[in-house]
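Q: This is the content of coords.cif (mmCIF, C-alpha atoms):
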data_final
loop_
_atom_site.group_PDB
_atom_site.id
_atom_site.type_symbol
_atom_site.label_atom_id
_atom_site.label_comp_id
_atom_site.auth_asym_id
_atom_site.auth_seq_id
_atom_site.Cartn_x
_atom_site.Cartn_y
_atom_site.Cartn_z
ATOM 1 C CA MET A 618 -18.680 6.758 5.620
ATOM 2 C CA SER A 619 -15.034 6.491 4.555
ATOM 3 C CA PHE A 620 -12.021 5.333 6.542
ATOM 4 C CA LEU A 621 -8.333 5.446 5.753
ATOM 5 C CA LEU A 622 -6.255 2.918 7.674
ATOM 6 C CA ILE A 623 -2.638 4.047 8.072
ATOM 7 C CA ASN A 624 0.238 1.862 9.215
ATOM 8 C CA PHE A 625 2.629 4.351 10.834
ATOM 9 C CA ASN A 626 5.548 1.979 10.295
ATOM 10 C CA GLU A 627 5.269 2.506 6.549
ATOM 11 C CA ASN A 628 7.203 5.081 4.579
ATOM 12 C CA PRO A 629 4.968 8.179 4.110
ATOM 13 C CA ASP A 630 5.682 8.120 0.378
ATOM 14 C CA ASP A 631 4.339 4.548 0.209
ATOM 15 C CA ILE A 632 1.189 5.551 2.098
ATOM 16 C CA PHE A 633 0.614 8.488 -0.227
ATOM 17 C CA SER A 634 1.309 6.294 -3.248
ATOM 18 C CA LYS A 635 -1.411 3.832 -2.195
ATOM 19 C CA PHE A 636 -3.848 6.659 -1.467
ATOM 20 C CA ARG A 637 -3.083 8.364 -4.777
ATOM 21 C CA GLN A 638 -3.859 5.294 -6.814
ATOM 22 C CA GLU A 639 -7.460 5.597 -5.651
ATOM 23 C CA LYS A 640 -7.945 9.356 -5.247
ATOM 24 C CA PHE A 641 -5.416 11.317 -7.316
ATOM 25 C CA PRO A 642 -5.510 10.842 -11.076
ATOM 26 C CA TYR A 643 -2.156 12.561 -11.725
ATOM 27 C CA PRO A 644 0.659 10.814 -9.828
ATOM 28 C CA ASN A 645 3.275 12.418 -12.093
ATOM 29 C CA LEU A 646 2.196 15.920 -11.031
ATOM 30 C CA TYR A 647 2.029 15.591 -7.230
ATOM 31 C CA SER A 648 4.252 14.282 -4.455
ATOM 32 C CA PHE A 649 3.592 13.615 -0.770
ATOM 33 C CA ASP A 650 4.326 16.421 1.686
ATOM 34 C CA LYS A 651 4.048 15.825 5.434
ATOM 35 C CA THR A 652 2.893 19.402 6.109
ATOM 36 C CA LEU A 653 0.814 20.278 3.053
ATOM 37 C CA GLY A 654 -0.505 16.775 2.252
ATOM 38 C CA TYR A 655 0.606 16.987 -1.365
ATOM 39 C CA LYS A 656 2.391 19.470 -3.569
ATOM 40 C CA HIS A 657 3.595 19.830 -7.135
ATOM 41 C CA LYS A 658 6.717 17.974 -8.093
ATOM 42 C CA PRO A 659 9.608 20.268 -9.016
ATOM 43 C CA ASN A 660 10.936 20.652 -12.575
ATOM 44 C CA ILE A 661 8.224 18.773 -14.414
ATOM 45 C CA GLU A 662 6.351 19.149 -17.654
ATOM 46 C CA PHE A 663 2.973 17.499 -17.336
ATOM 47 C CA ASN A 664 0.631 17.132 -20.274
ATOM 48 C CA LYS A 665 -2.948 16.797 -19.025
ATOM 49 C CA VAL A 666 -5.501 15.387 -21.471
ATOM 50 C CA ILE A 667 -8.968 16.850 -21.027
ATOM 51 C CA TYR A 668 -11.901 14.757 -22.193
ATOM 52 C CA THR A 669 -15.407 16.138 -22.492
ATOM 53 C CA SER A 670 -18.407 14.157 -23.635
ATOM 54 C CA THR A 671 -21.942 15.314 -24.260
ATOM 55 C CA THR A 672 -24.950 13.529 -25.659
ATOM 56 C CA ASN A 673 -26.814 16.549 -26.999
ATOM 57 C CA PHE A 674 -25.410 19.898 -28.009
ATOM 58 C CA SER A 675 -27.216 22.926 -29.370
ATOM 59 C CA TYR A 676 -25.809 26.379 -30.020
ATOM 60 C CA SER A 677 -27.619 29.429 -31.360
ATOM 61 C CA MET A 678 -25.182 31.467 -33.432
ATOM 62 C CA PRO A 679 -25.206 35.151 -32.457
ATOM 63 C CA TYR A 680 -26.682 37.640 -34.933
ATOM 64 C CA THR A 681 -28.022 34.877 -37.175
ATOM 65 C CA ASN A 682 -31.012 32.591 -37.250
ATOM 66 C CA ARG A 683 -28.787 29.504 -37.440
ATOM 67 C CA ILE A 684 -28.752 26.807 -34.784
ATOM 68 C CA ILE A 685 -25.974 24.253 -34.691
ATOM 69 C CA SER A 686 -26.836 20.961 -33.041
ATOM 70 C CA ALA A 687 -25.163 17.595 -32.713
ATOM 71 C CA SER A 688 -25.373 14.394 -30.697
ATOM 72 C CA ASN A 689 -22.765 12.189 -29.018
ATOM 73 C CA ILE A 690 -19.845 14.606 -29.204
ATOM 74 C CA ASN A 691 -16.473 13.647 -27.723
ATOM 75 C CA LEU A 692 -13.978 16.471 -27.361
ATOM 76 C CA PHE A 693 -10.305 16.073 -26.500
ATOM 77 C CA SER A 694 -7.753 18.711 -25.723
ATOM 78 C CA SER A 695 -4.558 18.848 -23.740
ATOM 79 C CA VAL A 696 -2.774 21.420 -21.645
ATOM 80 C CA LEU A 697 0.825 21.710 -20.497
ATOM 81 C CA TYR A 698 1.706 22.321 -16.847
ATOM 82 C CA THR A 699 5.337 23.188 -16.131
ATOM 83 C CA THR A 700 6.855 23.702 -12.684
ATOM 84 C CA ASP A 701 10.148 25.252 -11.619
ATOM 85 C CA ALA A 702 12.731 23.954 -9.131
ATOM 86 C CA TYR A 703 10.370 24.795 -6.233
ATOM 87 C CA GLY A 704 7.254 23.207 -7.742
ATOM 88 C CA ARG A 705 5.731 26.580 -8.667
ATOM 89 C CA ARG A 706 3.821 27.056 -11.936
ATOM 90 C CA ILE A 707 6.254 28.720 -14.305
ATOM 91 C CA SER A 708 6.011 32.324 -15.455
ATOM 92 C CA PRO A 709 8.090 34.236 -17.986
ATOM 93 C CA GLN A 710 11.386 34.919 -16.226
ATOM 94 C CA LYS A 711 12.226 38.438 -15.104
ATOM 95 C CA THR A 712 15.129 39.445 -12.955
ATOM 96 C CA GLY A 713 14.142 42.287 -10.748
ATOM 97 C CA LYS A 714 13.979 43.385 -7.190
ATOM 98 C CA LYS A 715 10.199 43.074 -6.965
ATOM 99 C CA THR A 716 8.204 39.869 -6.662
ATOM 100 C CA ILE A 717 4.530 38.976 -6.434
ATOM 101 C CA LEU A 718 3.666 35.664 -4.764
ATOM 102 C CA LEU A 719 0.373 34.038 -5.732
ATOM 103 C CA PHE A 720 -1.437 31.668 -3.372
ATOM 104 C CA GLY A 721 -4.718 29.869 -3.886
ATOM 105 C CA CYS A 722 -6.338 26.859 -5.497
ATOM 106 C CA SER A 723 -7.000 25.615 -9.029
ATOM 107 C CA TYR A 724 -8.273 28.994 -10.204
ATOM 108 C CA ILE A 725 -4.902 30.647 -9.545
ATOM 109 C CA PHE A 726 -2.844 27.602 -10.497
ATOM 110 C CA GLY A 727 -4.567 27.711 -13.880
ATOM 111 C CA GLU A 728 -6.238 24.301 -13.931
ATOM 112 C CA GLU A 729 -6.895 23.270 -17.535
ATOM 113 C CA LEU A 730 -4.923 26.254 -18.865
ATOM 114 C CA ASN A 731 -1.635 26.152 -20.719
ATOM 115 C CA ASN A 732 1.401 27.878 -19.217
ATOM 116 C CA ASN A 733 0.814 30.968 -21.372
ATOM 117 C CA GLU A 734 -2.844 31.333 -20.321
ATOM 118 C CA THR A 735 -2.491 31.610 -16.535
ATOM 119 C CA ILE A 736 -2.859 34.649 -14.308
ATOM 120 C CA ASN A 737 0.833 34.494 -13.408
ATOM 121 C CA TYR A 738 1.748 34.559 -17.105
ATOM 122 C CA TYR A 739 -0.356 37.666 -17.750
ATOM 123 C CA LEU A 740 0.855 39.430 -14.596
ATOM 124 C CA SER A 741 4.416 38.773 -15.683
ATOM 125 C CA GLU A 742 3.684 40.180 -19.133
ATOM 126 C CA ILE A 743 2.085 43.439 -17.939
ATOM 127 C CA THR A 744 4.318 44.228 -14.935
ATOM 128 C CA ASP A 745 8.030 44.355 -14.202
ATOM 129 C CA TYR A 746 7.584 41.927 -11.290
ATOM 130 C CA GLU A 747 8.783 38.373 -10.960
ATOM 131 C CA ILE A 748 5.683 36.225 -10.418
ATOM 132 C CA HIS A 749 5.869 33.085 -8.277
ATOM 133 C CA ASN A 750 2.732 30.953 -8.415
ATOM 134 C CA TYR A 751 2.451 28.738 -5.319
ATOM 135 C CA ALA A 752 -1.183 27.797 -5.998
ATOM 136 C CA VAL A 753 -2.148 24.113 -6.169
ATOM 137 C CA SER A 754 -5.513 22.608 -7.031
ATOM 138 C CA GLY A 755 -7.415 21.869 -3.834
ATOM 139 C CA TYR A 756 -5.340 24.169 -1.623
ATOM 140 C CA GLY A 757 -6.800 26.615 0.868
ATOM 141 C CA THR A 758 -5.641 28.991 3.579
ATOM 142 C CA GLN A 759 -4.023 26.254 5.670
ATOM 143 C CA GLN A 760 -1.672 25.291 2.823
ATOM 144 C CA MET A 761 -0.730 28.935 2.241
ATOM 145 C CA LEU A 762 0.263 29.213 5.900
ATOM 146 C CA GLY A 763 2.134 25.911 5.631
ATOM 147 C CA ILE A 764 4.124 27.185 2.638
ATOM 148 C CA LEU A 765 4.976 30.436 4.418
ATOM 149 C CA ASP A 766 6.192 28.401 7.404
ATOM 150 C CA GLU A 767 8.516 26.107 5.413
ATOM 151 C CA GLU A 768 12.237 26.422 6.139
ATOM 152 C CA ASN A 769 13.307 26.869 2.525
ATOM 153 C CA PHE A 770 10.605 29.451 1.756
ATOM 154 C CA THR A 771 12.827 32.390 2.741
ATOM 155 C CA ILE A 772 15.625 30.968 0.587
ATOM 156 C CA GLU A 773 13.298 30.966 -2.424
ATOM 157 C CA GLU A 774 12.103 34.517 -1.857
ATOM 158 C CA VAL A 775 15.157 36.756 -1.507
ATOM 159 C CA ASN A 776 14.065 39.886 -3.400
ATOM 160 C CA GLN A 777 13.885 43.214 -1.605
ATOM 161 C CA SER A 778 10.196 43.902 -2.325
ATOM 162 C CA VAL A 779 7.850 40.942 -2.045
ATOM 163 C CA TYR A 780 4.067 41.201 -2.237
ATOM 164 C CA ALA A 781 1.795 38.239 -1.546
ATOM 165 C CA LEU A 782 -1.693 37.805 -3.001
ATOM 166 C CA TYR A 783 -4.060 35.157 -1.712
ATOM 167 C CA PHE A 784 -7.087 34.484 -3.894
ATOM 168 C CA TYR A 785 -10.010 33.358 -1.790
ATOM 169 C CA ILE A 786 -13.131 31.465 -2.813
ATOM 170 C CA PRO A 787 -15.903 30.499 -0.343
ATOM 171 C CA GLU A 788 -14.990 26.803 -0.686
ATOM 172 C CA HIS A 789 -11.726 27.523 1.168
ATOM 173 C CA ILE A 790 -13.668 27.827 4.442
ATOM 174 C CA ARG A 791 -15.045 24.313 3.933
ATOM 175 C CA ARG A 792 -11.532 23.019 3.261
ATOM 176 C CA VAL A 793 -10.272 24.521 6.524
ATOM 177 C CA ILE A 794 -13.071 23.225 8.745
ATOM 178 C CA GLY A 795 -13.170 19.842 7.007
ATOM 179 C CA ASP A 796 -16.915 19.591 6.462
ATOM 180 C CA MET A 797 -18.301 16.260 5.260
ATOM 181 C CA GLN A 798 -19.100 17.496 1.744
ATOM 182 C CA THR A 799 -15.450 18.409 1.181
ATOM 183 C CA TYR A 800 -14.233 15.281 2.998
ATOM 184 C CA ASN A 801 -16.351 13.013 0.806
ATOM 185 C CA LEU A 802 -15.172 14.824 -2.307
ATOM 186 C CA TRP A 803 -11.450 14.510 -1.485
ATOM 187 C CA GLY A 804 -11.263 11.689 1.060
#
Produce structure tokens that represent the structure in this file.

A:
Amino acid sequence: MSFLLINFNENPDDIFSKFRQEKFPYPNLYSFDKTLGYKHKPNIEFNKVIYTSTTNFSYSMPYTNRIISASNINLFSSVLYTTDAYGRRISPQKTGKKTILLFGCSYIFGEELNNNETINYYLSEITDYEIHNYAVSGYGTQQMLGILDEENFTIEEVNQSVYALYFYIPEHIRRVIGDMQTYNLWG
């Protein structure tokens, strides 16, 4: 069982800062938000280092009889996350009268993908729409509704034709109802 003791006389940013030190590994990427819980910081470039370790690796090369195997492999790579003035994942800029808004979790944000490998990047490349990616790792339907309800949201989205896409995964239901598996994972 986990408990979080909150002193309501403290600054919310201080509370979130203490919580983040234990639970969030990327304090330079997120900031506290009283409605959403956390959100991306605006105007940042964040370089995430990805570390993968395996003790045994074996790969059968297609169309050959060769097998590659190794032990104790450590792989490192890094990806660049960039956000705009509203904390959205950047897309190639287009000025038009049509916009697609993307909502969802890490899949739509493009977790562990560079800026030019995300769904918003590819949508921007193949359409004449501006693409605004509001997705954040760990978000679900409640955060999408929270974003739509924010005061400055209508200021951000002023184009004549705006389409919103929400990408759903079954885990989003668990995030909404707050089941213990999700609570123990995040809390």

Q: I'd like the neighbourhood of Tyr647 (chain A) as a PyMOL selection string, where a residue qualifies if any of its atoms comes within 9 Å (using all atoms listed in the file), though same-chain residues fewer than 5 positions away should be ignored.

A: chain A and resi 641+655-658

Q: With distances taken over all atoms listed in the file, which of A:Tyr751, A:Phe784, A:Thr758, A:Ile794 is nearest to Gly704 (chain A)?

A: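 Ranking A:Tyr751, A:Phe784, A:Thr758, A:Ile794 by distance to Gly704 (chain A), first place goes to A:Tyr751.
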
Q: Taking into account only C-alpha atoms, which residue in the set A:Gln710, A:Ser648, A:Ser694, A:Thr744 is nearest to Ile667 (chain A)?

A: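 Of all the options, A:Ser694 lies closest to Ile667 (chain A).
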
Q: List the spatial neighbours of region 735-737 of chain A as a ChimeraX atom specification - criterion: any atom at most 7 Å away, all atoms listed in the file, same-chain residues fewer than 3 positions off excluded.

A: /A:708,725,727,730-732,740-741,748,750

Q: Have a look at A:Ile707, A:Glu734, A:Tyr756, A:Arg683 and name the one nearest to Ile661 (chain A); count all atoms listed in the file.

A: A:Ile707

Q: Find the residues near Asn664 (chain A): any atom within 12 Å, counting all atoms listed in the file, skip ones fewer than 4 places away on the same chain, and give them as a JSON list (two decimals) with C-alpha atoms, in the coordinates of the input.

A:
[["chain", "number", "residue", "atom", "x", "y", "z"],
["A", 643, "TYR", "CA", -2.16, 12.56, -11.72],
["A", 645, "ASN", "CA", 3.28, 12.42, -12.09],
["A", 646, "LEU", "CA", 2.20, 15.92, -11.03],
["A", 694, "SER", "CA", -7.75, 18.71, -25.72],
["A", 695, "SER", "CA", -4.56, 18.85, -23.74],
["A", 696, "VAL", "CA", -2.77, 21.42, -21.64],
["A", 697, "LEU", "CA", 0.82, 21.71, -20.50],
["A", 698, "TYR", "CA", 1.71, 22.32, -16.85],
["A", 699, "THR", "CA", 5.34, 23.19, -16.13],
["A", 700, "THR", "CA", 6.86, 23.70, -12.68],
["A", 728, "GLU", "CA", -6.24, 24.30, -13.93],
["A", 729, "GLU", "CA", -6.90, 23.27, -17.54],
["A", 730, "LEU", "CA", -4.92, 26.25, -18.86],
["A", 731, "ASN", "CA", -1.64, 26.15, -20.72],
["A", 732, "ASN", "CA", 1.40, 27.88, -19.22]]

Q: Between CA of Ala781 (chain A) and CA of Glu767 (chain A), what is the spacing in Å?

A: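 Computing the Euclidean distance for CA of Glu767 (chain A) and CA of Ala781 (chain A) yields 15.5 Å.
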